[in-house]
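**Q** My structure file structure-v8.cif, mmCIF, C-alpha atoms, is below:
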```
data_entry
#
loop_
_atom_site.label_atom_id
_atom_site.label_comp_id
_atom_site.auth_asym_id
_atom_site.auth_seq_id
_atom_site.Cartn_x
_atom_site.Cartn_y
_atom_site.Cartn_z
CA MET A 1412 194.90 -199.71 -74.23
CA THR A 1413 193.05 -198.69 -77.39
CA ASN A 1414 192.53 -195.29 -75.80
CA ILE A 1415 196.29 -194.72 -75.58
CA TRP A 1416 196.72 -195.24 -79.32
CA LEU A 1417 193.61 -193.23 -80.18
CA GLY A 1418 194.92 -190.36 -78.05
CA LEU A 1419 198.34 -190.51 -79.64
CA PHE A 1420 196.93 -190.64 -83.17
CA SER A 1421 194.45 -187.79 -82.53
CA GLY A 1422 197.20 -185.72 -80.92
CA ILE A 1423 199.60 -186.15 -83.84
CA ALA A 1424 196.92 -185.14 -86.35
CA PHE A 1425 195.85 -182.17 -84.21
CA GLY A 1426 199.41 -180.97 -83.62
CA PHE A 1427 200.21 -181.24 -87.31
CA VAL A 1428 197.22 -179.14 -88.41
CA ILE A 1429 197.72 -176.37 -85.85
CA GLN A 1430 201.36 -176.09 -86.87
CA ARG A 1431 200.38 -175.78 -90.53
CA ILE A 1432 197.86 -173.00 -89.87
CA GLY A 1433 200.51 -171.14 -87.86
CA ALA A 1434 198.84 -171.34 -84.44
CA THR A 1435 202.13 -172.56 -82.92
CA ASP A 1436 203.87 -169.39 -84.12
CA ALA A 1437 203.65 -166.82 -81.32
CA HIS A 1438 204.41 -164.10 -83.85
CA ARG A 1439 201.34 -164.96 -85.89
CA MET A 1440 199.21 -165.25 -82.73
CA ALA A 1441 200.31 -161.75 -81.65
CA ARG A 1442 199.39 -160.38 -85.09
CA SER A 1443 195.98 -162.08 -84.82
CA HIS A 1444 195.37 -160.41 -81.48
CA LEU A 1445 196.49 -157.05 -82.90
CA MET A 1446 193.77 -157.44 -85.57
CA LEU A 1447 196.36 -157.61 -88.35
CA ASP A 1448 195.80 -161.21 -89.40
CA ALA A 1449 192.28 -162.65 -89.53
CA ASP A 1450 193.15 -166.23 -90.40
CA ILE A 1451 193.63 -167.80 -86.96
CA PRO A 1452 190.47 -166.41 -85.31
CA ARG A 1453 188.38 -167.26 -88.38
CA PHE A 1454 189.96 -170.73 -88.44
CA MET A 1455 189.06 -171.29 -84.77
CA LEU A 1456 185.46 -170.13 -85.11
CA LEU A 1457 184.86 -172.10 -88.32
CA THR A 1458 186.31 -175.18 -86.62
CA VAL A 1459 183.79 -174.78 -83.79
CA ALA A 1460 180.86 -174.28 -86.19
CA LEU A 1461 181.75 -177.33 -88.28
CA SER A 1462 182.46 -179.45 -85.20
CA ALA A 1463 179.08 -178.52 -83.70
CA VAL A 1464 177.34 -179.71 -86.87
CA GLY A 1465 179.46 -182.88 -86.85
CA LEU A 1466 178.64 -183.54 -83.21
CA PHE A 1467 174.92 -183.00 -83.91
CA TRP A 1468 175.18 -185.73 -86.52
CA LEU A 1469 177.10 -188.03 -84.14
CA GLN A 1470 174.37 -187.53 -81.53
CA ALA A 1471 171.69 -188.29 -84.11
CA VAL A 1472 173.29 -191.66 -84.90
CA GLY A 1473 174.04 -192.29 -81.22
CA VAL A 1474 177.85 -192.32 -81.34
CA GLY A 1475 180.35 -190.68 -78.98
CA ARG A 1476 180.35 -189.14 -75.54
CA VAL A 1477 179.53 -185.58 -74.50
CA LEU A 1478 180.25 -183.81 -71.24
CA PRO A 1479 179.60 -180.05 -71.27
CA LEU A 1480 181.45 -178.29 -68.47
CA PRO A 1481 179.42 -176.29 -65.94
CA THR A 1482 179.40 -172.49 -66.08
CA SER A 1483 180.54 -170.67 -62.97
CA ILE A 1484 180.03 -166.95 -63.48
CA ILE A 1485 182.91 -165.94 -61.19
CA ALA A 1486 185.35 -168.83 -61.65
CA THR A 1487 184.94 -169.18 -65.43
CA GLY A 1488 185.09 -165.40 -65.92
CA LEU A 1489 188.04 -164.81 -63.61
CA ALA A 1490 189.91 -167.74 -65.12
CA ALA A 1491 189.26 -166.35 -68.60
CA VAL A 1492 190.73 -162.97 -67.61
CA ILE A 1493 193.91 -164.56 -66.18
CA PHE A 1494 194.10 -166.89 -69.18
CA GLY A 1495 193.73 -163.98 -71.61
CA ILE A 1496 196.61 -162.09 -69.98
CA GLY A 1497 198.85 -165.14 -70.30
CA TRP A 1498 197.71 -165.85 -73.86
CA GLY A 1499 198.42 -162.27 -74.91
CA LEU A 1500 201.79 -162.23 -73.17
CA ALA A 1501 203.13 -165.50 -74.59
CA GLY A 1502 201.07 -166.10 -77.72
CA TYR A 1503 200.60 -169.71 -76.65
CA CYS A 1504 197.70 -171.63 -75.14
CA PRO A 1505 197.85 -175.07 -73.47
CA GLY A 1506 197.42 -177.03 -76.70
CA THR A 1507 199.78 -174.99 -78.87
CA ILE A 1508 202.40 -175.11 -76.09
CA TRP A 1509 202.83 -178.87 -76.65
CA ALA A 1510 202.94 -178.64 -80.43
CA ALA A 1511 205.30 -175.63 -80.42
CA ALA A 1512 207.56 -177.32 -77.86
CA GLY A 1513 207.66 -180.40 -80.09
CA GLU A 1514 208.51 -178.18 -83.01
CA GLY A 1515 211.54 -177.05 -81.00
CA ARG A 1516 210.60 -173.47 -80.08
CA MET A 1517 212.53 -172.73 -76.90
CA ASP A 1518 210.11 -170.10 -75.58
CA ALA A 1519 207.32 -172.71 -75.75
CA ILE A 1520 209.41 -175.15 -73.72
CA PHE A 1521 209.63 -172.52 -70.98
CA ALA A 1522 205.89 -171.93 -71.26
CA LEU A 1523 205.43 -175.68 -70.81
CA LEU A 1524 207.52 -175.63 -67.62
CA GLY A 1525 205.59 -172.60 -66.36
CA GLY A 1526 202.36 -174.43 -67.19
CA LEU A 1527 203.36 -177.45 -65.13
CA THR A 1528 204.16 -175.11 -62.23
CA GLY A 1529 200.80 -173.35 -62.53
CA THR A 1530 199.00 -176.69 -62.66
CA ALA A 1531 200.84 -177.92 -59.58
CA LEU A 1532 199.91 -174.78 -57.65
CA PHE A 1533 196.25 -175.01 -58.62
CA ALA A 1534 196.11 -178.70 -57.73
CA GLN A 1535 197.55 -177.80 -54.33
CA LEU A 1536 194.92 -175.07 -53.80
CA HIS A 1537 191.97 -176.90 -55.41
CA GLU A 1538 190.26 -177.76 -52.10
CA THR A 1539 190.47 -174.10 -50.98
CA LEU A 1540 189.66 -172.27 -54.21
CA ILE A 1541 186.85 -174.36 -55.72
CA PRO A 1542 184.42 -173.81 -52.80
CA ILE A 1543 185.19 -170.06 -52.73
CA LEU A 1544 185.36 -169.20 -56.43
CA TYR A 1545 183.58 -171.94 -58.34
CA GLU A 1546 180.69 -173.30 -56.33
CA PRO A 1547 178.80 -170.11 -55.28
CA THR A 1548 178.02 -169.00 -58.85
CA ASN A 1549 177.94 -172.44 -60.46
CA MET A 1550 175.00 -172.47 -62.90
CA GLY A 1551 175.44 -176.14 -63.78
CA GLN A 1552 175.92 -177.65 -67.22
CA ILE A 1553 173.84 -175.08 -69.09
CA THR A 1554 173.90 -175.09 -72.90
CA LEU A 1555 172.31 -173.21 -75.79
CA THR A 1556 169.77 -176.03 -75.99
CA ASP A 1557 168.38 -174.91 -72.61
CA LEU A 1558 168.07 -171.41 -74.06
CA PHE A 1559 166.45 -172.37 -77.38
CA GLY A 1560 164.58 -175.43 -76.18
CA ASN A 1561 165.66 -177.60 -79.11
CA TYR A 1562 169.06 -179.07 -79.95
CA GLY A 1563 168.78 -178.60 -83.73
CA VAL A 1564 167.65 -174.98 -83.42
CA ALA A 1565 170.45 -174.28 -80.96
CA VAL A 1566 173.09 -175.70 -83.34
CA ALA A 1567 171.67 -173.57 -86.15
CA ALA A 1568 171.77 -170.48 -83.92
CA LEU A 1569 175.40 -171.19 -83.00
CA VAL A 1570 176.39 -171.66 -86.64
CA VAL A 1571 174.67 -168.41 -87.67
CA GLY A 1572 176.24 -166.53 -84.74
CA LEU A 1573 179.73 -167.83 -85.52
CA GLY A 1574 179.20 -167.13 -89.22
CA LEU A 1575 178.45 -163.50 -88.39
CA CYS A 1576 181.56 -163.30 -86.21
CA ILE A 1577 183.70 -164.79 -88.99
CA TRP A 1578 182.28 -162.27 -91.45
CA ALA A 1579 182.89 -159.38 -89.04
CA ILE A 1580 186.48 -160.51 -88.34
CA GLY A 1581 187.10 -160.64 -92.10
CA LYS A 1582 185.87 -157.04 -92.33
CA LEU A 1583 187.61 -155.61 -89.26
CA TRP A 1584 190.91 -157.48 -89.27
CA GLY A 1585 193.65 -157.17 -91.83
CA SER A 1586 194.03 -160.42 -93.67
CA ALA A 1587 196.76 -162.54 -95.17
CA ASP A 1588 194.27 -163.11 -98.02
CA HIS A 1589 194.89 -159.63 -99.35
CA GLU A 1590 198.56 -160.39 -99.52
CA ARG A 1591 197.79 -163.64 -101.29
CA VAL A 1592 195.95 -161.67 -103.95
CA ASP A 1593 198.82 -159.19 -104.16
CA LEU A 1594 201.22 -162.05 -104.53
CA PHE A 1595 199.15 -163.54 -107.33
CA ALA A 1596 198.98 -160.21 -109.11
CA ARG A 1597 202.70 -159.71 -108.73
CA ARG A 1598 203.50 -163.23 -109.88
CA THR A 1599 201.33 -162.77 -112.97
CA ALA A 1600 202.90 -159.39 -113.63
CA SER A 1601 206.45 -160.68 -113.33
CA LYS A 1602 205.58 -163.70 -115.51
CA GLN A 1603 204.24 -161.38 -118.19
CA ALA A 1604 207.40 -159.32 -117.93
CA VAL A 1605 209.49 -162.44 -118.42
CA ASP A 1606 207.32 -163.55 -121.37
CA LYS A 1607 207.88 -160.23 -123.06
CA MET B 706 211.62 -162.76 -107.78
CA GLU B 707 213.20 -161.84 -104.48
CA LEU B 708 210.08 -160.00 -103.48
CA GLN B 709 208.01 -163.05 -104.28
CA SER B 710 209.78 -165.42 -101.92
CA ARG B 711 209.65 -162.85 -99.12
CA GLN B 712 205.91 -162.31 -99.52
CA ARG B 713 204.87 -165.95 -99.76
CA ILE B 714 202.28 -167.12 -97.25
CA PRO B 715 203.65 -170.38 -95.88
CA TYR B 716 200.49 -171.36 -93.99
CA TRP B 717 197.47 -173.39 -95.02
CA HIS B 718 194.36 -171.49 -95.98
CA TRP B 719 192.05 -171.17 -92.98
CA VAL B 720 188.97 -172.77 -94.58
CA PRO B 721 190.42 -176.20 -95.51
CA ALA B 722 192.43 -176.13 -92.27
CA ALA B 723 189.19 -175.66 -90.29
CA PHE B 724 187.59 -178.59 -92.14
CA ALA B 725 190.62 -180.74 -91.29
CA LEU B 726 190.65 -179.76 -87.62
CA SER B 727 186.90 -180.15 -87.15
CA GLY B 728 187.18 -183.61 -88.72
CA ILE B 729 189.72 -184.47 -86.05
CA VAL B 730 187.55 -182.93 -83.30
CA VAL B 731 184.50 -184.95 -84.39
CA PHE B 732 186.66 -188.09 -84.61
CA ILE B 733 187.76 -187.46 -81.01
CA PHE B 734 184.16 -186.99 -79.83
CA ALA B 735 183.25 -190.29 -81.52
CA THR B 736 186.18 -192.34 -80.24
CA PHE B 737 186.90 -190.77 -76.84
CA GLY B 738 184.78 -187.81 -75.75
CA PRO B 739 185.35 -184.06 -75.45
CA PRO B 740 188.97 -183.25 -76.44
CA ALA B 741 191.11 -181.45 -73.86
CA SER B 742 194.72 -180.39 -73.61
CA SER B 743 195.18 -178.60 -70.29
CA SER B 744 194.21 -181.88 -68.57
CA GLY B 745 197.38 -183.33 -70.13
CA PHE B 746 199.39 -181.12 -67.78
CA VAL B 747 197.55 -182.57 -64.78
CA SER B 748 198.05 -186.06 -66.16
CA THR B 749 201.80 -185.47 -66.52
CA LEU B 750 202.09 -184.20 -62.94
CA ASN B 751 199.87 -187.00 -61.70
CA GLY B 752 202.38 -189.48 -63.10
CA PHE B 753 205.26 -187.58 -61.53
CA PHE B 754 203.70 -187.39 -58.06
CA ALA B 755 202.39 -190.97 -58.16
CA TRP B 756 206.05 -191.95 -58.58
CA MET B 757 207.73 -189.40 -56.26
CA ALA B 758 205.08 -188.84 -53.59
CA PRO B 759 202.17 -191.30 -53.99
CA GLU B 760 200.48 -190.22 -50.76
CA TYR B 761 200.42 -186.60 -51.86
CA ALA B 762 198.90 -187.50 -55.25
CA ALA B 763 196.26 -189.64 -53.56
CA SER B 764 195.36 -186.85 -51.13
CA LYS B 765 194.57 -184.17 -53.74
CA ALA B 766 191.18 -184.00 -55.45
CA HIS B 767 192.69 -182.59 -58.62
CA TYR B 768 194.93 -185.63 -59.16
CA ARG B 769 192.21 -188.06 -58.17
CA ALA B 770 189.97 -186.57 -60.87
CA ILE B 771 192.41 -186.97 -63.77
CA PRO B 772 194.26 -190.20 -64.66
CA GLY B 773 198.05 -190.48 -64.98
CA PRO B 774 200.19 -190.88 -68.11
CA GLY B 775 198.68 -194.22 -69.14
CA SER B 776 195.61 -192.42 -70.45
CA TRP B 777 194.14 -190.77 -73.55
CA LEU B 778 194.61 -187.33 -71.96
CA PHE B 779 198.37 -187.80 -71.72
CA THR B 780 198.99 -189.55 -75.02
CA PHE B 781 196.98 -186.81 -76.73
CA VAL B 782 199.32 -184.03 -75.57
CA LEU B 783 202.32 -186.26 -76.25
CA GLY B 784 200.91 -186.75 -79.75
CA MET B 785 200.51 -182.98 -80.11
CA ALA B 786 204.23 -182.57 -79.45
CA ILE B 787 205.05 -185.34 -81.97
CA GLY B 788 202.65 -183.80 -84.51
CA GLY B 789 204.30 -180.41 -84.03
CA PHE B 790 207.72 -182.01 -84.44
CA ILE B 791 206.76 -183.82 -87.67
CA ALA B 792 205.03 -180.73 -89.08
CA GLY B 793 208.01 -178.56 -88.20
CA ARG B 794 210.54 -180.96 -89.76
CA THR B 795 208.52 -181.40 -92.97
CA SER B 796 207.89 -177.70 -93.60
CA LYS B 797 210.66 -175.70 -95.15
CA THR B 798 208.66 -172.50 -95.38
CA ILE B 799 207.04 -171.96 -91.96
CA PRO B 800 209.51 -169.93 -89.92
CA MET B 801 210.73 -171.52 -86.69
CA ARG B 802 212.25 -169.29 -84.06
CA ASP B 803 212.85 -169.14 -80.34
CA ILE B 804 211.77 -165.50 -80.02
CA PRO B 805 208.97 -164.01 -82.13
CA PRO B 806 210.21 -161.05 -84.25
CA ILE B 807 207.45 -158.80 -82.95
CA TRP B 808 208.71 -159.46 -79.39
CA GLN B 809 212.31 -158.92 -80.45
CA GLN B 810 211.42 -155.55 -81.93
CA ARG B 811 209.77 -154.40 -78.73
CA PHE B 812 211.88 -156.02 -76.01
CA GLY B 813 215.21 -156.78 -77.66
CA GLU B 814 217.09 -159.99 -78.22
CA SER B 815 217.39 -161.11 -74.61
CA ARG B 816 216.48 -164.79 -74.42
CA VAL B 817 216.23 -164.63 -70.64
CA LYS B 818 213.57 -161.93 -70.85
CA ARG B 819 211.47 -163.84 -73.39
CA TYR B 820 211.79 -167.19 -71.62
CA ALA B 821 210.96 -165.63 -68.26
CA ALA B 822 207.89 -164.03 -69.82
CA THR B 823 206.64 -167.26 -71.42
CA PHE B 824 207.32 -169.19 -68.20
CA PHE B 825 205.20 -166.70 -66.28
CA ALA B 826 202.53 -166.68 -68.99
CA GLY B 827 202.44 -170.48 -69.04
CA PHE B 828 201.98 -170.38 -65.29
CA LEU B 829 199.00 -168.00 -65.58
CA ILE B 830 197.42 -169.88 -68.48
CA LEU B 831 197.47 -173.27 -66.79
CA PHE B 832 196.49 -171.97 -63.36
CA ALA B 833 193.48 -170.31 -65.02
CA SER B 834 192.65 -173.35 -67.15
CA ARG B 835 192.54 -175.59 -64.13
CA LEU B 836 190.29 -173.12 -62.32
CA ALA B 837 187.86 -172.96 -65.25
CA GLY B 838 188.18 -176.69 -65.95
CA GLY B 839 189.57 -176.30 -69.48
CA CYS B 840 191.50 -174.21 -71.99
CA THR B 841 191.15 -172.96 -75.57
CA LEU B 842 190.57 -176.53 -76.70
CA GLY B 843 189.04 -178.19 -73.63
CA LEU B 844 186.66 -175.36 -72.78
CA PHE B 845 186.25 -173.02 -75.75
CA ILE B 846 186.39 -175.37 -78.78
CA SER B 847 185.19 -178.51 -77.05
CA GLY B 848 182.60 -176.72 -74.91
CA SER B 849 181.19 -174.55 -77.68
CA THR B 850 180.92 -177.60 -79.96
CA GLN B 851 178.65 -179.04 -77.27
CA LEU B 852 176.84 -175.67 -77.11
CA ALA B 853 177.98 -175.17 -73.50
CA ILE B 854 177.52 -171.63 -72.22
CA SER B 855 180.78 -172.05 -70.26
CA GLY B 856 182.74 -172.49 -73.51
CA LEU B 857 181.20 -169.49 -75.26
CA TYR B 858 181.55 -167.26 -72.18
CA PHE B 859 185.19 -168.32 -71.69
CA GLY B 860 185.91 -167.83 -75.42
CA VAL B 861 184.56 -164.27 -75.57
CA VAL B 862 186.50 -163.17 -72.48
CA ILE B 863 189.83 -164.80 -73.41
CA PHE B 864 189.78 -163.23 -76.88
CA ALA B 865 188.93 -159.78 -75.52
CA VAL B 866 191.54 -159.87 -72.75
CA ALA B 867 194.27 -161.36 -74.97
CA MET B 868 193.65 -158.65 -77.59
CA LEU B 869 193.86 -155.95 -74.96
CA THR B 870 197.01 -157.45 -73.40
CA THR B 871 198.72 -157.78 -76.77
CA ARG B 872 197.86 -154.17 -77.63
CA LEU B 873 199.23 -152.89 -74.31
CA LEU B 874 202.33 -155.04 -74.71
CA TYR B 875 203.30 -154.20 -78.27
CA GLY B 876 201.67 -150.82 -78.85
CA LYS B 877 199.32 -149.70 -81.56
CA ASP B 878 201.62 -149.77 -84.58
CA ALA B 879 203.53 -152.99 -83.95
CA GLY B 880 203.91 -155.65 -86.58
CA LYS B 881 202.15 -153.82 -89.38
CA GLU B 882 204.91 -154.01 -91.93
CA ASP B 883 205.35 -157.74 -92.34
CA SER B 884 203.03 -160.44 -93.58
CA GLN B 885 203.78 -163.45 -91.47
#
```
Just give me the structure as structure tokens.
**A**
Amino acid sequence: MTNIWLGLFSGIAFGFVIQRIGATDAHRMARSHLMLDADIPRFMLLTVALSAVGLFWLQAVGVGRVLPLPTSIIATGLAAVIFGIGWGLAGYCPGTIWAAAGEGRMDAIFALLGGLTGTALFAQLHETLIPILYEPTNMGQITLTDLFGNYGVAVAALVVGLGLCIWAIGKLWGSADHERVDLFARRTASKQAVDK
Amino acid sequence: MELQSRQRIPYWHWVPAAFALSGIVVFIFATFGPPASSSGFVSTLNGFFAWMAPEYAASKAHYRAIPGPGSWLFTFVLGMAIGGFIAGRTSKTIPMRDIPPIWQQRFGESRVKRYAATFFAGFLILFASRLAGGCTLGLFISGSTQLAISGLYFGVVIFAVAMLTTRLLYGKDAGKEDSQ
């Protein structure tokens, strides 16, 4: 019972934040993927880095539950390719679909219906596809800790890696920040004009 | 003055927004476990089939693995929709539209075309998520937070393919002139 309320509360908070950053706006997502707006990808990567540090702390004090998903070279990779095509086409992913549908965006409501159809088809084919695509190249629940040999070192490596990606995205992508600066300059300029 | 209101960035800055979202993610790890949203689709269907065709739901591994609507997984996605609704109603500046302008510019104003495309895309996204076992949240964010190779691998490929798809779809020069 508690779980139902915790889920609802977490969902409301999550949906609110992703709407405010503009992740539920397919237009902004498309601009992110066209390398014209760096905010969403940097937001996502920084969220992962901070969450990893937070989870490290939770583990240290013995709170919470973890369950890393296994890596299947073929199934995870193939799924990512299909997912990427859909993500690029719609500008929505499974989480933003719910929030954008709640917001009242009609195209997200159709994405939600398509998503239910896709889920139903996969559930129908699960017994056929998992043994063919998933199991043969299933590497198990491997993590960076297996690679680095120490949980703390692995978290640090992830944070540094993501930090570099965030820096590179800031360099390579256009950014709304520049426009913020422009806006500030313009506002100051127009204020001075009014003062005069 | 007119220029100013047109140029305003209506969104939160990405740094405080990331702190807020990671706070929520860590809260979820502490109170439930790894967050997931594509599982909410399975949970919804599980509820539907348990009501319409209980024998079918009981016979499929995918529905046996994920609980029905009386679960965290379902109330979380329901909450996402409520959160999106509240955020949308309380923001006067974030634009809300049924068809993204960048799409409209490239493919015209046909609602049927856009809705058909997002239906098909939603189909692909969820089919793929269920094959991989998670989505942007359930596999990339949640998995990478736990340092899972699956999450990082999935994340790199979805970003690369989505960027390529978007480029092929809209062309090289799309969307450059506007700020939101």
**Q** Take the PyMOL selection byres ((chain A) within 6 of (chain B)), run it mentally on this structure, and tell me the resulting residues as number ranges by chain.
**A** A: 1414-1415, 1418-1419, 1422-1423, 1426-1427, 1430-1432, 1438, 1444, 1450, 1454, 1457-1459, 1461-1463, 1465, 1474-1477, 1479, 1482, 1487, 1490-1491, 1493-1499, 1501, 1505-1506, 1509-1510, 1513-1514, 1516-1518, 1521-1522, 1525-1526, 1529-1530, 1533-1534, 1553-1555
**Q** Quick one: distance from CA of Gly1585 in chain A to CA of Ala1437 in chain A in Å, one decimal?
**A** 17.4 Å
**Q** Mind giving me the straight-line distance from CA of Ala1434 in chain A to CA of Leu1573 in chain A in Å, one decimal?
**A** 19.5 Å
**Q** Apply the PyMOL selection byres ((chain A and resi 1580) around 12) to the displayed file and report the matching residues as a VMD selection string.
**A** chain A and resid 1443 to 1457 1573 to 1579 1581 to 1586
**Q** So how far away is CA of Gly773 in chain B from CA of Trp1416 in chain A, in Å?
**A**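 If I compute the distance from CA of Trp1416 in chain A to CA of Gly773 in chain B, I get 15.2 Å.
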**Q** Let me make sure I understand: among A:Ser1421, A:Gln1470, A:Asn1549, A:Thr1435, which one has the smallest atom-to-atom distance to Cys1504 in chain A if we use all atoms listed in the file?
**A**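 Selected residue with least distance to Cys1504 in chain A: A:Thr1435.
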